[in-house]
Every structure is written in C-alpha cells, then in structure tokens.
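Source file: upload-v5.cif (mmCIF, C-alpha atoms)
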```cif
data_work
#
loop_
_atom_site.group_PDB
_atom_site.id
_atom_site.type_symbol
_atom_site.label_atom_id
_atom_site.label_comp_id
_atom_site.auth_asym_id
_atom_site.auth_seq_id
_atom_site.Cartn_x
_atom_site.Cartn_y
_atom_site.Cartn_z
ATOM 1 C CA MET A 231 -0.209 -217.202 117.414
ATOM 2 C CA ALA A 232 -0.461 -217.018 113.619
ATOM 3 C CA THR A 233 -2.191 -213.952 112.175
ATOM 4 C CA THR A 234 -3.386 -215.830 109.087
ATOM 5 C CA ILE A 235 -3.739 -219.419 107.982
ATOM 6 C CA GLN A 236 -4.236 -221.004 104.582
ATOM 7 C CA VAL A 237 -7.423 -222.805 103.610
ATOM 8 C CA ILE A 238 -8.672 -224.367 100.381
ATOM 9 C CA LEU A 239 -12.074 -223.039 99.347
ATOM 10 C CA GLN A 240 -14.680 -225.670 98.487
ATOM 11 C CA GLN A 241 -17.276 -223.179 97.192
ATOM 12 C CA ASP A 242 -17.157 -219.793 95.498
ATOM 13 C CA LEU A 243 -17.300 -217.060 98.119
ATOM 14 C CA LYS A 244 -17.902 -213.411 97.335
ATOM 15 C CA ASN A 245 -14.966 -211.200 98.409
ATOM 16 C CA LEU A 246 -12.787 -214.237 99.168
ATOM 17 C CA GLY A 247 -12.247 -216.414 96.079
ATOM 18 C CA LYS A 248 -13.395 -219.209 93.853
ATOM 19 C CA SER A 249 -13.721 -222.901 94.574
ATOM 20 C CA GLY A 250 -10.366 -224.713 94.640
ATOM 21 C CA GLU A 251 -8.304 -221.604 95.438
ATOM 22 C CA LEU A 252 -5.770 -221.491 98.236
ATOM 23 C CA VAL A 253 -6.452 -218.346 100.313
ATOM 24 C CA ARG A 254 -5.178 -216.788 103.545
ATOM 25 C CA VAL A 255 -7.755 -215.975 106.226
ATOM 26 C CA ARG A 256 -7.786 -215.212 109.946
ATOM 27 C CA PRO A 257 -7.697 -218.344 112.118
ATOM 28 C CA GLY A 258 -10.973 -217.574 113.891
ATOM 29 C CA TYR A 259 -12.810 -216.996 110.604
ATOM 30 C CA ALA A 260 -11.585 -220.353 109.293
ATOM 31 C CA ARG A 261 -12.157 -222.271 112.539
ATOM 32 C CA ASN A 262 -15.560 -220.806 113.444
ATOM 33 C CA TYR A 263 -17.184 -220.075 110.074
ATOM 34 C CA LEU A 264 -15.558 -221.570 106.950
ATOM 35 C CA ILE A 265 -14.623 -225.068 108.106
ATOM 36 C CA PRO A 266 -17.816 -225.917 110.112
ATOM 37 C CA ARG A 267 -20.011 -224.868 107.156
ATOM 38 C CA SER A 268 -17.862 -226.918 104.712
ATOM 39 C CA LEU A 269 -17.000 -223.774 102.769
ATOM 40 C CA ALA A 270 -13.276 -224.485 103.136
ATOM 41 C CA MET A 271 -10.885 -227.156 104.354
ATOM 42 C CA PRO A 272 -7.503 -226.749 106.053
ATOM 43 C CA ALA A 273 -4.558 -226.471 103.662
ATOM 44 C CA THR A 274 -2.588 -229.485 104.846
ATOM 45 C CA VAL A 275 0.124 -230.994 102.655
ATOM 46 C CA HIS A 276 -2.172 -233.885 101.749
ATOM 47 C CA ASN A 277 -5.110 -231.605 100.855
ATOM 48 C CA VAL A 278 -2.916 -229.315 98.725
ATOM 49 C CA LYS A 279 -1.498 -232.304 96.803
ATOM 50 C CA GLN A 280 -5.012 -233.668 96.268
ATOM 51 C CA LEU A 281 -6.164 -230.246 95.003
ATOM 52 C CA GLU A 282 -3.255 -230.065 92.555
ATOM 53 C CA HIS A 283 -4.035 -233.592 91.334
ATOM 54 C CA GLU A 284 -7.710 -232.730 90.760
ATOM 55 C CA GLN A 285 -6.719 -229.548 88.896
ATOM 56 C CA ARG A 286 -4.432 -231.562 86.584
ATOM 57 C CA ILE A 287 -7.252 -234.052 85.904
ATOM 58 C CA SER A 288 -9.750 -231.290 85.124
ATOM 59 C CA ALA A 289 -7.222 -229.560 82.854
ATOM 60 C CA ASP A 290 -6.697 -232.836 80.958
ATOM 61 C CA LYS A 291 -10.475 -233.301 80.598
ATOM 62 C CA ALA A 292 -10.856 -229.740 79.330
ATOM 63 C CA ALA A 293 -8.075 -230.253 76.775
ATOM 64 C CA LYS A 294 -9.672 -233.513 75.605
ATOM 65 C CA ALA A 295 -13.116 -231.877 75.276
ATOM 66 C CA ARG A 296 -11.575 -228.976 73.347
ATOM 67 C CA ALA A 297 -9.827 -231.382 70.962
ATOM 68 C CA GLU A 298 -13.087 -233.265 70.348
ATOM 69 C CA ALA A 299 -14.965 -229.998 69.757
ATOM 70 C CA THR A 300 -12.294 -228.805 67.325
ATOM 71 C CA GLY A 301 -12.512 -232.104 65.424
ATOM 72 C CA ALA A 302 -16.296 -231.850 65.235
ATOM 73 C CA ALA A 303 -16.004 -228.231 64.071
ATOM 74 C CA GLY A 304 -13.707 -229.399 61.269
ATOM 75 C CA LYS A 305 -16.343 -231.898 60.143
ATOM 76 C CA ILE A 306 -19.165 -229.360 60.259
ATOM 77 C CA ALA A 307 -17.378 -226.359 58.750
ATOM 78 C CA GLY A 308 -18.101 -225.948 55.080
ATOM 79 C CA VAL A 309 -20.892 -228.529 55.019
ATOM 80 C CA THR A 310 -24.065 -227.696 53.113
ATOM 81 C CA VAL A 311 -27.239 -229.167 54.583
ATOM 82 C CA THR A 312 -30.095 -229.597 52.084
ATOM 83 C CA ILE A 313 -33.679 -229.619 53.349
ATOM 84 C CA GLU A 314 -36.707 -230.173 51.098
ATOM 85 C CA ARG A 315 -39.951 -228.341 51.912
ATOM 86 C CA LYS A 316 -43.215 -227.500 50.212
ATOM 87 C CA VAL A 317 -43.013 -224.061 48.660
ATOM 88 C CA GLY A 318 -45.857 -221.668 47.820
ATOM 89 C CA GLU A 319 -45.874 -218.395 45.918
ATOM 90 C CA GLU A 320 -42.657 -216.351 45.733
ATOM 91 C CA ASN A 321 -40.635 -219.249 47.201
ATOM 92 C CA ARG A 322 -42.364 -218.888 50.593
ATOM 93 C CA LEU A 323 -42.455 -221.998 52.798
ATOM 94 C CA PHE A 324 -45.512 -223.452 54.437
ATOM 95 C CA GLY A 325 -44.165 -223.084 57.998
ATOM 96 C CA SER A 326 -40.453 -222.617 58.686
ATOM 97 C CA VAL A 327 -37.223 -224.551 59.009
ATOM 98 C CA THR A 328 -36.118 -224.852 62.635
ATOM 99 C CA THR A 329 -32.932 -225.950 64.353
ATOM 100 C CA LYS A 330 -34.606 -229.319 64.954
ATOM 101 C CA ASP A 331 -34.889 -229.824 61.178
ATOM 102 C CA VAL A 332 -31.259 -228.778 60.675
ATOM 103 C CA VAL A 333 -30.037 -231.191 63.373
ATOM 104 C CA ALA A 334 -32.076 -234.019 61.816
ATOM 105 C CA ALA A 335 -30.492 -233.309 58.415
ATOM 106 C CA LEU A 336 -27.029 -233.239 59.985
ATOM 107 C CA LYS A 337 -27.752 -236.567 61.673
ATOM 108 C CA GLU A 338 -28.600 -238.104 58.295
ATOM 109 C CA MET A 339 -25.173 -236.955 57.119
ATOM 110 C CA GLY A 340 -23.559 -238.723 60.090
ATOM 111 C CA ILE A 341 -22.903 -235.622 62.221
ATOM 112 C CA GLU A 342 -24.430 -235.680 65.703
ATOM 113 C CA ILE A 343 -24.878 -232.340 67.468
ATOM 114 C CA ASP A 344 -27.162 -231.026 70.203
ATOM 115 C CA ARG A 345 -30.060 -228.910 68.955
ATOM 116 C CA LYS A 346 -29.336 -226.176 71.506
ATOM 117 C CA ARG A 347 -25.897 -225.605 70.030
ATOM 118 C CA VAL A 348 -27.181 -224.768 66.526
ATOM 119 C CA GLU A 349 -28.111 -221.142 65.854
ATOM 120 C CA LEU A 350 -29.837 -219.728 62.806
ATOM 121 C CA THR A 351 -29.289 -216.043 62.001
ATOM 122 C CA ALA A 352 -33.025 -215.615 61.331
ATOM 123 C CA PRO A 353 -36.041 -217.912 61.023
ATOM 124 C CA ILE A 354 -35.970 -219.652 57.639
ATOM 125 C CA ARG A 355 -39.313 -219.043 55.931
ATOM 126 C CA ALA A 356 -38.285 -219.039 52.275
ATOM 127 C CA ALA A 357 -36.381 -221.263 49.893
ATOM 128 C CA GLY A 358 -32.719 -220.402 49.419
ATOM 129 C CA THR A 359 -29.332 -220.701 51.075
ATOM 130 C CA PHE A 360 -28.780 -219.506 54.644
ATOM 131 C CA GLU A 361 -25.918 -219.411 57.172
ATOM 132 C CA ALA A 362 -26.036 -221.337 60.435
ATOM 133 C CA THR A 363 -23.524 -221.637 63.251
ATOM 134 C CA ALA A 364 -22.823 -224.406 65.727
ATOM 135 C CA LYS A 365 -21.341 -223.281 69.045
ATOM 136 C CA LEU A 366 -19.631 -226.464 70.129
ATOM 137 C CA LEU A 367 -17.545 -225.351 73.106
ATOM 138 C CA GLY A 368 -16.937 -221.844 74.383
ATOM 139 C CA ASP A 369 -14.999 -220.272 71.549
ATOM 140 C CA VAL A 370 -15.123 -223.261 69.153
ATOM 141 C CA ILE A 371 -17.659 -222.239 66.520
ATOM 142 C CA ALA A 372 -18.376 -223.912 63.172
ATOM 143 C CA THR A 373 -20.240 -222.189 60.347
ATOM 144 C CA PHE A 374 -22.162 -224.114 57.716
ATOM 145 C CA LYS A 375 -24.841 -223.521 55.082
ATOM 146 C CA VAL A 376 -28.472 -224.582 55.098
ATOM 147 C CA GLU A 377 -30.051 -224.892 51.675
ATOM 148 C CA VAL A 378 -33.822 -225.061 51.501
ATOM 149 C CA VAL A 379 -35.151 -226.400 48.199
ATOM 150 C CA ALA A 380 -38.646 -226.910 46.814
ATOM 151 C CA LYS A 381 -40.092 -230.391 47.187
ATOM 152 C CA LYS A 382 -41.033 -231.908 43.841
#
```
Write-out of the structure in structure tokens:
Amino acid sequence: MATTIQVILQQDLKNLGKSGELVRVRPGYARNYLIPRSLAMPATVHNVKQLEHEQRISADKAAKARAEATGAAGKIAGVTVTIERKVGEENRLFGSVTTKDVVAALKEMGIEIDRKRVELTAPIRAAGTFEATAKLLGDVIATFKVEVVAKK
C-alpha cells in the first residue's frame, strides 16, 4: 500500500499548504478528513490539468490587471489637481480637503479612481500644494500634486 498520495488543496490549510497546491499526505488523512470535508480533491490527471489551466488563466488576469494599473499610474503621475476652497486668515481653510474631494477633481479631469486608493500624507487644512499618492495595485503607486487655491 502507498505510504503517501497526492491531493490538490481547495482551501488554505495551516501546516499543509495553500489553496491550489499539490501536496503529499497519508492516504487515511486524505480519505477520512481532507476529501470528505472538501478541503482537498484527489490529484488525478484530469484534476491536475484543470488546476494548471486555472493557474494559467489567473496569471493572465493578473498580468492584464497589472498592465491596466501601470497605464493608469502613467496617466496620474505628474498630474496637478486644483481645488478651490474658501480661505480665512493665514490661508487656513474652512474645513479640510478630503480624498473624496481629490477623487471628484480627478474625475473632472477624466481620471476615474476609487476613493480608498488615494492617500494624503496629512489632512489638508490650508491653501498650498501637497503630495498625494494613489495605490493602484500592490506595488503600482502613482504620486501626484494637490493644489488648494483660494476661491475668489
């Protein structure tokens, strides 16, 4: 009788592996625990080919998403967003400029981005020029300027 068999994990399991990995386990562990609980499936030729196909598809999707994020970062990088606000004494704003305001200004310029992806280094409470970053995808980050000017 075989001392180990191969199974394909369908969920991440601590001390065993991540979802989609091909691992070797004892036959009883696979037959009595992993397979009945749908934590793994037997590593047949058909299942292994299907797994490889799904991995290729997900790799293609990830590459496409990365290319789109890089293109969007190229559009955003170096852009200066101008926002008009009422200003009081010493160039202090009545309120503050938030990421929602920055995203709205970007949308007027034809650049659509999710509000949660925009980060300001500090709350903008005065007129002037400030740095902002847009984290588009993992390590794809675009830096742009936010200029707050007095409303006339």
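If you apply the PyMOL selection byres ((chain A and resi 380) around 12) to this structure, you end up with Thr312, Ile313, Glu314, Arg315, Lys316, Val317, Gly318, Glu319, Glu320, Asn321, Arg322, Leu323, Phe324, Ala356, Ala357, Gly358, Thr359, Glu377, Val378, Val379, Lys381 and Lys382 of chain A.
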Since I can't run it myself right now, could you work out what the PyMOL selection byres ((chain A and resi 351) around 8) selects here and report it as a list in words?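 Checking the PyMOL selection byres ((chain A and resi 351) around 8) against this file, the residues are Glu349, Leu350, Ala352, Pro353, Glu361 and Ala362 of chain A.
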Pick from A:Thr373, A:Thr300, A:Gln241, A:Thr274 nearest to Phe360 of chain A, counting all atoms listed in the file: A:Thr373
Any idea what's packed within 6 Å of Ala299 of chain A, counting all atoms listed in the file, ignoring anything in its chain fewer than 3 positions away? Could you give it as a ChimeraX atom specification? /A:296,302,366
With all atoms listed in the file counted, which protein, DNA or RNA residues have an atom no more than 10 Å from (-19.9, -229.8, 65.5) in the file frame? Please answer as an mmCIF file with C-alpha atoms, in the frame of the given file.
```
data_model
loop_
_atom_site.group_PDB
_atom_site.id
_atom_site.type_symbol
_atom_site.label_atom_id
_atom_site.label_comp_id
_atom_site.auth_asym_id
_atom_site.auth_seq_id
_atom_site.Cartn_x
_atom_site.Cartn_y
_atom_site.Cartn_z
ATOM 1 C CA GLU A 298 -13.087 -233.265 70.348
ATOM 2 C CA ALA A 299 -14.965 -229.998 69.757
ATOM 3 C CA THR A 300 -12.294 -228.805 67.325
ATOM 4 C CA GLY A 301 -12.512 -232.104 65.424
ATOM 5 C CA ALA A 302 -16.296 -231.850 65.235
ATOM 6 C CA ALA A 303 -16.004 -228.231 64.071
ATOM 7 C CA GLY A 304 -13.707 -229.399 61.269
ATOM 8 C CA LYS A 305 -16.343 -231.898 60.143
ATOM 9 C CA ILE A 306 -19.165 -229.360 60.259
ATOM 10 C CA ALA A 307 -17.378 -226.359 58.750
ATOM 11 C CA LEU A 336 -27.029 -233.239 59.985
ATOM 12 C CA ILE A 341 -22.903 -235.622 62.221
ATOM 13 C CA GLU A 342 -24.430 -235.680 65.703
ATOM 14 C CA ILE A 343 -24.878 -232.340 67.468
ATOM 15 C CA ASP A 344 -27.162 -231.026 70.203
ATOM 16 C CA ARG A 347 -25.897 -225.605 70.030
ATOM 17 C CA VAL A 348 -27.181 -224.768 66.526
ATOM 18 C CA THR A 363 -23.524 -221.637 63.251
ATOM 19 C CA ALA A 364 -22.823 -224.406 65.727
ATOM 20 C CA LYS A 365 -21.341 -223.281 69.045
ATOM 21 C CA LEU A 366 -19.631 -226.464 70.129
ATOM 22 C CA LEU A 367 -17.545 -225.351 73.106
ATOM 23 C CA VAL A 370 -15.123 -223.261 69.153
ATOM 24 C CA ILE A 371 -17.659 -222.239 66.520
ATOM 25 C CA ALA A 372 -18.376 -223.912 63.172
ATOM 26 C CA THR A 373 -20.240 -222.189 60.347
ATOM 27 C CA PHE A 374 -22.162 -224.114 57.716
#
```
Reconstruct segment 314-331 of chain A at the level of N, CA and C atoms, and format the result as a PDB file, keeping the file's coordinate frame.
```pdb
ATOM      1  N   GLU A 314     -35.610-230.344  52.057  1.00  0.00           N
ATOM      2  CA  GLU A 314     -36.707-230.173  51.098  1.00  0.00           C
ATOM      3  C   GLU A 314     -37.980-229.809  51.839  1.00  0.00           C
ATOM      4  N   ARG A 315     -38.686-228.783  51.327  1.00  0.00           N
ATOM      5  CA  ARG A 315     -39.951-228.341  51.912  1.00  0.00           C
ATOM      6  C   ARG A 315     -40.926-227.957  50.809  1.00  0.00           C
ATOM      7  N   LYS A 316     -42.209-227.984  51.139  1.00  0.00           N
ATOM      8  CA  LYS A 316     -43.215-227.500  50.212  1.00  0.00           C
ATOM      9  C   LYS A 316     -43.106-225.986  50.124  1.00  0.00           C
ATOM     10  N   VAL A 317     -43.186-225.491  48.890  1.00  0.00           N
ATOM     11  CA  VAL A 317     -43.013-224.061  48.660  1.00  0.00           C
ATOM     12  C   VAL A 317     -44.264-223.522  47.980  1.00  0.00           C
ATOM     13  N   GLY A 318     -44.699-222.333  48.418  1.00  0.00           N
ATOM     14  CA  GLY A 318     -45.857-221.668  47.820  1.00  0.00           C
ATOM     15  C   GLY A 318     -45.400-220.572  46.872  1.00  0.00           C
ATOM     16  N   GLU A 319     -46.195-219.523  46.796  1.00  0.00           N
ATOM     17  CA  GLU A 319     -45.874-218.395  45.918  1.00  0.00           C
ATOM     18  C   GLU A 319     -44.630-217.673  46.402  1.00  0.00           C
ATOM     19  N   GLU A 320     -43.869-217.141  45.468  1.00  0.00           N
ATOM     20  CA  GLU A 320     -42.657-216.351  45.733  1.00  0.00           C
ATOM     21  C   GLU A 320     -41.656-217.103  46.627  1.00  0.00           C
ATOM     22  N   ASN A 321     -41.561-218.402  46.445  1.00  0.00           N
ATOM     23  CA  ASN A 321     -40.635-219.249  47.201  1.00  0.00           C
ATOM     24  C   ASN A 321     -40.840-219.196  48.713  1.00  0.00           C
ATOM     25  N   ARG A 322     -42.041-218.912  49.168  1.00  0.00           N
ATOM     26  CA  ARG A 322     -42.364-218.888  50.593  1.00  0.00           C
ATOM     27  C   ARG A 322     -42.701-220.305  51.061  1.00  0.00           C
ATOM     28  N   LEU A 323     -42.204-220.669  52.242  1.00  0.00           N
ATOM     29  CA  LEU A 323     -42.455-221.998  52.798  1.00  0.00           C
ATOM     30  C   LEU A 323     -43.791-222.035  53.524  1.00  0.00           C
ATOM     31  N   PHE A 324     -44.364-223.220  53.586  1.00  0.00           N
ATOM     32  CA  PHE A 324     -45.512-223.452  54.437  1.00  0.00           C
ATOM     33  C   PHE A 324     -44.932-223.827  55.806  1.00  0.00           C
ATOM     34  N   GLY A 325     -44.827-222.879  56.712  1.00  0.00           N
ATOM     35  CA  GLY A 325     -44.165-223.084  57.998  1.00  0.00           C
ATOM     36  C   GLY A 325     -42.758-222.524  57.932  1.00  0.00           C
ATOM     37  N   SER A 326     -41.842-223.081  58.708  1.00  0.00           N
ATOM     38  CA  SER A 326     -40.453-222.617  58.686  1.00  0.00           C
ATOM     39  C   SER A 326     -39.519-223.774  58.994  1.00  0.00           C
ATOM     40  N   VAL A 327     -38.259-223.566  58.707  1.00  0.00           N
ATOM     41  CA  VAL A 327     -37.223-224.551  59.009  1.00  0.00           C
ATOM     42  C   VAL A 327     -36.628-224.173  60.361  1.00  0.00           C
ATOM     43  N   THR A 328     -36.624-225.109  61.293  1.00  0.00           N
ATOM     44  CA  THR A 328     -36.118-224.852  62.635  1.00  0.00           C
ATOM     45  C   THR A 328     -34.787-225.557  62.859  1.00  0.00           C
ATOM     46  N   THR A 329     -34.195-225.282  64.012  1.00  0.00           N
ATOM     47  CA  THR A 329     -32.932-225.950  64.353  1.00  0.00           C
ATOM     48  C   THR A 329     -33.127-227.462  64.472  1.00  0.00           C
ATOM     49  N   LYS A 330     -34.309-227.879  64.857  1.00  0.00           N
ATOM     50  CA  LYS A 330     -34.606-229.319  64.954  1.00  0.00           C
ATOM     51  C   LYS A 330     -34.485-229.975  63.578  1.00  0.00           C
ATOM     52  N   ASP A 331     -34.992-229.302  62.540  1.00  0.00           N
ATOM     53  CA  ASP A 331     -34.889-229.824  61.178  1.00  0.00           C
ATOM     54  C   ASP A 331     -33.431-229.875  60.722  1.00  0.00           C
TER      55      ASP A 331
END
```
